[in-house]
Amino acid sequence: MHAAAEHGHSEGSKGTVYTVWITLLILTAVEVFLAYQHLPIKVMLVILMTLSIVKGSLIIAYFMHLRYERGSLAWTLMPALVFVIGMMFIVFPDSIRVYLMGVK
Amino acid sequence: MANHEATGSLERESVWSGGGSPYAIPSKKLGMWLFIVSDAITFSALLIAYSYVRVASLSWPRPFEGPAITNATVMTAILLSSSLTMVLGVRAAKLADRPGAAKWLGATMLGGILFDILHIREWFHLFDEGVTLLHNPWGDPQFGAAFFSLTGLHMTHVTVGVVYLGVVAIGTLRGKYSDDDVEVSGLYWHFVDLVWMFIFPLVYLMSAKFI
């Protein structure tokens, strides 16, 4: 958690930043590669969303610096966000009604 | 930064008496974080609405062919790279290198402008094919509404971000803004990048013609 101590004043060395950037580009390339692989659409959705969450977490942790802030900040912001997004899915099952039951 | 000057003296007072800063960050930064969380909820609502109408639709188009996917991939790479230049700008600001910070902010703005140009070009291609906010030649009209409202809101964020970074860059050069202000503008920029990491796969890759 406290890489700040290792890197002294600068909190997350320049090398770390470049590594994160390269990783993000590689993960994007993997996503595009997968799009050309004719996977079943549900499998593709799961893989893409997993990769997106990984990418988003890297951006939040390193680019937005949250990893190096006090833990209380992340604990204040993130659980609420995840909870609200989760709640939005409550109505989602209704979307497959037409698919399952047909029109009318 | 854990030992920010503004919080140093206040920290000795009790948090509950209003003296301390429980997060040890400047108020501006906390303000930006709170804005980002609320904005993340807005984008989540739009992305979930997009997915909802797509699943509910029996004639959802997959209009994006090779060139459109390549275009969106290049846009993604540009936005990711502009995040890197933003980080370098914040580093320069923290090292009290004001011209360096302004230079990197300029590079970040350039990335944002390039992203906007490529995106608007993409929009015009879709207009030419007959897709508008209320019309879609390939099926359910909700595609146009969902696509343009989602990508349009994101494009607005990029454009606002370019202006914001410009203001911060000039203010930094003039000595009007501190390194904290650069860092706060960086948080906003990275958030815009973060949102695109979800729009790109959900809207483009999942709607590629060849999948």
# chains A, B, ... in the order shown; residues from 1 in each chain; ligands from 1
$ closest_atom_pairs --of "chain A" --to "chain B" --cutoff "8 Å" --atoms "only C-alpha atoms" --output "tab-separated table"
residue	atom	partner	partner_atom	distance
A:Ser10	CA	B:Arg91	CA	7.9
A:Val17	CA	B:Leu84	CA	7.4
A:Tyr18	CA	B:Leu84	CA	7.6
A:Trp21	CA	B:Leu84	CA	6.6
A:Leu24	CA	B:Leu80	CA	7.5
A:Leu25	CA	B:Ala77	CA	6.6
A:Thr28	CA	B:Thr73	CA	7.8
A:Glu31	CA	B:Pro201	CA	7.4
A:Val32	CA	B:Leu205	CA	7.0
A:Ala35	CA	B:Leu205	CA	5.9
A:Tyr36	CA	B:Ile211	CA	6.2
A:Gln37	CA	B:Ile211	CA	7.1
A:His38	CA	B:Ile211	CA	4.8
A:Leu39	CA	B:Ile211	CA	7.1
A:Ile41	CA	B:Met206	CA	7.7
A:Met44	CA	B:Met206	CA	7.9
A:Leu45	CA	B:Met206	CA	7.3
A:Leu48	CA	B:Pro201	CA	6.4
A:Met49	CA	B:Phe198	CA	7.6
A:Ser52	CA	B:Met197	CA	5.9
A:Lys55	CA	B:Met197	CA	7.1
A:Gly56	CA	B:Leu194	CA	5.5
A:Ile59	CA	B:Leu194	CA	6.6
A:Ile60	CA	B:His190	CA	7.9
A:Phe63	CA	B:Val87	CA	6.4
A:Met64	CA	B:Leu187	CA	5.5
A:Glu69	CA	B:Ala2	CA	6.9
A:Arg70	CA	B:Tyr23	CA	6.0
A:Ser72	CA	B:Tyr23	CA	6.3
A:Leu73	CA	B:Tyr23	CA	5.8
A:Leu77	CA	B:Val37	CA	7.0
A:Leu81	CA	B:Val37	CA	6.5
A:Val84	CA	B:Ile41	CA	7.4
A:Ile85	CA	B:Ser44	CA	6.6
A:Met88	CA	B:Ala45	CA	7.1
A:Phe89	CA	B:Ile48	CA	7.6
A:Phe92	CA	B:Tyr52	CA	6.4
A:Ser95	CA	B:Ala56	CA	4.6
A:Ile96	CA	B:Ala56	CA	5.6
A:Arg97	CA	B:Ala56	CA	7.2
A:Val98	CA	B:Ala56	CA	6.2
A:Tyr99	CA	B:Ala56	CA	6.9
$ residues_around --residues "segment 166-180 of chain B" --least-positions-apart "6" --cutoff "9 Å" --atoms "only C-alpha atoms" --output "JSON, numbers by chain"
{"B": [26, 28, 29, 90, 91, 92, 93, 94, 95, 96, 98, 99, 101, 102, 103, 104, 105, 106, 109]}
$ write_last_selection --atoms "N, CA and C atoms" --output "compact mmCIF listing (two decimals), in the first residue's frame"
# COMPACT_ATOMS: atom_id res chain seq x y z
N PRO B 26 -6.22 18.58 -0.11
CA PRO B 26 -6.87 19.90 -0.17
C PRO B 26 -8.36 19.77 -0.49
N LYS B 28 -10.18 21.32 -2.55
CA LYS B 28 -10.45 21.31 -3.99
C LYS B 28 -10.38 19.90 -4.54
N LYS B 29 -9.40 19.15 -4.04
CA LYS B 29 -9.21 17.80 -4.56
C LYS B 29 -10.37 16.91 -4.11
N VAL B 90 1.50 16.81 -14.12
CA VAL B 90 1.34 16.93 -12.67
C VAL B 90 2.69 16.78 -11.98
N ARG B 91 3.50 15.83 -12.48
CA ARG B 91 4.85 15.63 -11.89
C ARG B 91 5.67 16.90 -12.01
N ALA B 92 5.64 17.51 -13.22
CA ALA B 92 6.41 18.74 -13.44
C ALA B 92 5.93 19.82 -12.48
N ALA B 93 4.60 19.92 -12.32
CA ALA B 93 4.05 20.95 -11.42
C ALA B 93 4.51 20.71 -9.99
N LYS B 94 4.55 19.44 -9.57
CA LYS B 94 4.97 19.11 -8.20
C LYS B 94 6.45 19.46 -7.99
N LEU B 95 7.22 19.41 -9.08
CA LEU B 95 8.65 19.75 -8.99
C LEU B 95 8.87 21.24 -9.22
N ALA B 96 7.77 22.01 -9.19
CA ALA B 96 7.82 23.47 -9.36
C ALA B 96 8.36 23.88 -10.72
N ARG B 98 7.14 25.11 -13.73
CA ARG B 98 5.91 25.65 -14.32
C ARG B 98 5.89 25.57 -15.86
N PRO B 99 6.98 25.95 -16.55
CA PRO B 99 6.95 25.81 -18.03
C PRO B 99 6.77 24.36 -18.45
N ALA B 101 5.24 21.98 -16.78
CA ALA B 101 3.85 21.58 -16.53
C ALA B 101 2.95 22.11 -17.65
N ALA B 102 3.15 23.38 -18.04
CA ALA B 102 2.32 23.98 -19.10
C ALA B 102 2.53 23.23 -20.42
N LYS B 103 3.78 22.83 -20.68
CA LYS B 103 4.09 22.10 -21.92
C LYS B 103 3.34 20.77 -21.95
N TRP B 104 3.40 20.04 -20.85
CA TRP B 104 2.71 18.73 -20.81
C TRP B 104 1.20 18.91 -20.86
N LEU B 105 0.70 19.98 -20.22
CA LEU B 105 -0.74 20.25 -20.30
C LEU B 105 -1.13 20.53 -21.75
N GLY B 106 -0.26 21.26 -22.46
CA GLY B 106 -0.50 21.53 -23.88
C GLY B 106 -0.56 20.25 -24.68
N MET B 109 -3.83 18.62 -24.04
CA MET B 109 -4.90 19.28 -24.78
C MET B 109 -4.90 18.86 -26.24
$ closest_residue --among "B:Phe35, B:Gly144, B:Asp97, B:Phe115" --to "Glu129 of chain B" --atoms "only C-alpha atoms"
B:Gly144
$ atom_distance --atom1 "atom CA of Arg62 of chain B" --atom2 "atom CA of Gln142 of chain B"
13.1 Å
$ select_by_dssp --residues "segment 14-100 of chain A" --states "alpha helix (DSSP H)" --output "count of residues only"
62
$ decode --residues "segment 114-160 of chain B" --atoms "N, CA and C atoms" --output "short mmCIF file (atom, residue, chain, number, x, y, z; two decimals), in the first residue's frame"
data_model
loop_
_atom_site.label_atom_id
_atom_site.label_comp_id
_atom_site.auth_asym_id
_atom_site.auth_seq_id
_atom_site.Cartn_x
_atom_site.Cartn_y
_atom_site.Cartn_z
N LEU B 114 -7.33 16.11 -30.83
CA LEU B 114 -7.25 15.05 -31.84
C LEU B 114 -8.38 14.04 -31.67
N PHE B 115 -8.62 13.69 -30.42
CA PHE B 115 -9.70 12.74 -30.10
C PHE B 115 -11.03 13.29 -30.60
N ASP B 116 -11.29 14.56 -30.31
CA ASP B 116 -12.54 15.21 -30.75
C ASP B 116 -12.66 15.20 -32.27
N ILE B 117 -11.56 15.52 -32.97
CA ILE B 117 -11.61 15.57 -34.44
C ILE B 117 -11.98 14.20 -35.00
N LEU B 118 -11.28 13.15 -34.50
CA LEU B 118 -11.57 11.80 -35.00
C LEU B 118 -13.00 11.39 -34.68
N HIS B 119 -13.48 11.81 -33.51
CA HIS B 119 -14.81 11.42 -33.08
C HIS B 119 -15.88 12.11 -33.93
N ILE B 120 -15.67 13.40 -34.19
CA ILE B 120 -16.65 14.15 -34.99
C ILE B 120 -16.68 13.60 -36.42
N ARG B 121 -15.50 13.22 -36.93
CA ARG B 121 -15.44 12.62 -38.26
C ARG B 121 -16.29 11.34 -38.30
N GLU B 122 -16.15 10.54 -37.25
CA GLU B 122 -16.94 9.32 -37.10
C GLU B 122 -18.44 9.64 -37.08
N TRP B 123 -18.80 10.68 -36.34
CA TRP B 123 -20.21 11.10 -36.28
C TRP B 123 -20.73 11.45 -37.67
N PHE B 124 -19.92 12.21 -38.42
CA PHE B 124 -20.37 12.64 -39.75
C PHE B 124 -20.55 11.45 -40.69
N HIS B 125 -19.70 10.44 -40.56
CA HIS B 125 -19.89 9.22 -41.35
C HIS B 125 -21.26 8.61 -41.05
N LEU B 126 -21.61 8.59 -39.76
CA LEU B 126 -22.90 8.01 -39.38
C LEU B 126 -24.05 8.86 -39.88
N PHE B 127 -23.88 10.19 -39.83
CA PHE B 127 -24.93 11.08 -40.38
C PHE B 127 -25.14 10.76 -41.85
N ASP B 128 -24.03 10.58 -42.59
CA ASP B 128 -24.12 10.28 -44.02
C ASP B 128 -24.89 8.99 -44.28
N GLU B 129 -24.75 8.04 -43.35
CA GLU B 129 -25.46 6.78 -43.52
C GLU B 129 -26.91 6.89 -43.09
N GLY B 130 -27.29 8.03 -42.53
CA GLY B 130 -28.68 8.24 -42.16
C GLY B 130 -29.00 8.03 -40.70
N VAL B 131 -27.97 7.88 -39.86
CA VAL B 131 -28.23 7.73 -38.43
C VAL B 131 -28.32 9.13 -37.80
N THR B 132 -29.42 9.39 -37.11
CA THR B 132 -29.54 10.64 -36.36
C THR B 132 -30.07 10.29 -34.97
N LEU B 133 -30.32 11.33 -34.20
CA LEU B 133 -30.80 11.12 -32.83
C LEU B 133 -32.11 10.33 -32.82
N LEU B 134 -32.94 10.53 -33.85
CA LEU B 134 -34.27 9.90 -33.85
C LEU B 134 -34.45 8.88 -34.96
N HIS B 135 -33.38 8.62 -35.71
CA HIS B 135 -33.56 7.73 -36.86
C HIS B 135 -32.35 6.82 -37.03
N ASN B 136 -32.63 5.59 -37.45
CA ASN B 136 -31.56 4.62 -37.67
C ASN B 136 -31.98 3.73 -38.83
N PRO B 137 -31.24 3.77 -39.93
CA PRO B 137 -31.65 3.04 -41.13
C PRO B 137 -31.62 1.53 -40.98
N TRP B 138 -30.95 1.00 -39.95
CA TRP B 138 -30.76 -0.44 -39.86
C TRP B 138 -31.69 -1.13 -38.84
N GLY B 139 -32.56 -0.36 -38.18
CA GLY B 139 -33.40 -1.02 -37.17
C GLY B 139 -33.96 -0.03 -36.18
N ASP B 140 -33.97 -0.43 -34.92
CA ASP B 140 -34.58 0.40 -33.89
C ASP B 140 -33.94 1.79 -33.80
N PRO B 141 -34.80 2.85 -33.80
CA PRO B 141 -34.27 4.21 -33.74
C PRO B 141 -33.54 4.51 -32.41
N GLN B 142 -33.82 3.70 -31.38
CA GLN B 142 -33.14 3.94 -30.10
C GLN B 142 -31.62 3.86 -30.22
N PHE B 143 -31.14 3.16 -31.25
CA PHE B 143 -29.68 3.08 -31.43
C PHE B 143 -29.10 4.48 -31.58
N GLY B 144 -29.71 5.29 -32.47
CA GLY B 144 -29.21 6.65 -32.67
C GLY B 144 -29.26 7.46 -31.39
N ALA B 145 -30.40 7.39 -30.69
CA ALA B 145 -30.57 8.17 -29.47
C ALA B 145 -29.54 7.76 -28.42
N ALA B 146 -29.39 6.43 -28.22
CA ALA B 146 -28.48 5.95 -27.18
C ALA B 146 -27.03 6.25 -27.56
N PHE B 147 -26.69 6.02 -28.83
CA PHE B 147 -25.31 6.23 -29.27
C PHE B 147 -24.91 7.69 -29.17
N PHE B 148 -25.76 8.58 -29.71
CA PHE B 148 -25.35 9.98 -29.74
C PHE B 148 -25.40 10.63 -28.36
N SER B 149 -26.36 10.24 -27.51
CA SER B 149 -26.38 10.87 -26.18
C SER B 149 -25.18 10.41 -25.36
N LEU B 150 -24.82 9.13 -25.48
CA LEU B 150 -23.69 8.62 -24.70
C LEU B 150 -22.35 9.20 -25.20
N THR B 151 -22.09 9.05 -26.50
CA THR B 151 -20.82 9.56 -27.01
C THR B 151 -20.80 11.09 -27.00
N GLY B 152 -21.99 11.70 -27.18
CA GLY B 152 -22.05 13.16 -27.15
C GLY B 152 -21.70 13.72 -25.79
N LEU B 153 -22.22 13.08 -24.74
CA LEU B 153 -21.89 13.56 -23.39
C LEU B 153 -20.40 13.39 -23.12
N HIS B 154 -19.84 12.28 -23.62
CA HIS B 154 -18.41 12.07 -23.42
C HIS B 154 -17.59 13.10 -24.20
N MET B 155 -18.01 13.37 -25.43
CA MET B 155 -17.29 14.36 -26.24
C MET B 155 -17.35 15.73 -25.59
N THR B 156 -18.51 16.06 -24.99
CA THR B 156 -18.64 17.32 -24.26
C THR B 156 -17.63 17.38 -23.12
N HIS B 157 -17.47 16.26 -22.42
CA HIS B 157 -16.51 16.22 -21.32
C HIS B 157 -15.09 16.44 -21.82
N VAL B 158 -14.75 15.84 -22.97
CA VAL B 158 -13.40 16.02 -23.52
C VAL B 158 -13.20 17.50 -23.87
N THR B 159 -14.21 18.08 -24.54
CA THR B 159 -14.09 19.47 -24.97
C THR B 159 -13.96 20.41 -23.76
N VAL B 160 -14.83 20.22 -22.77
CA VAL B 160 -14.74 21.02 -21.54
C VAL B 160 -13.36 20.83 -20.90
#
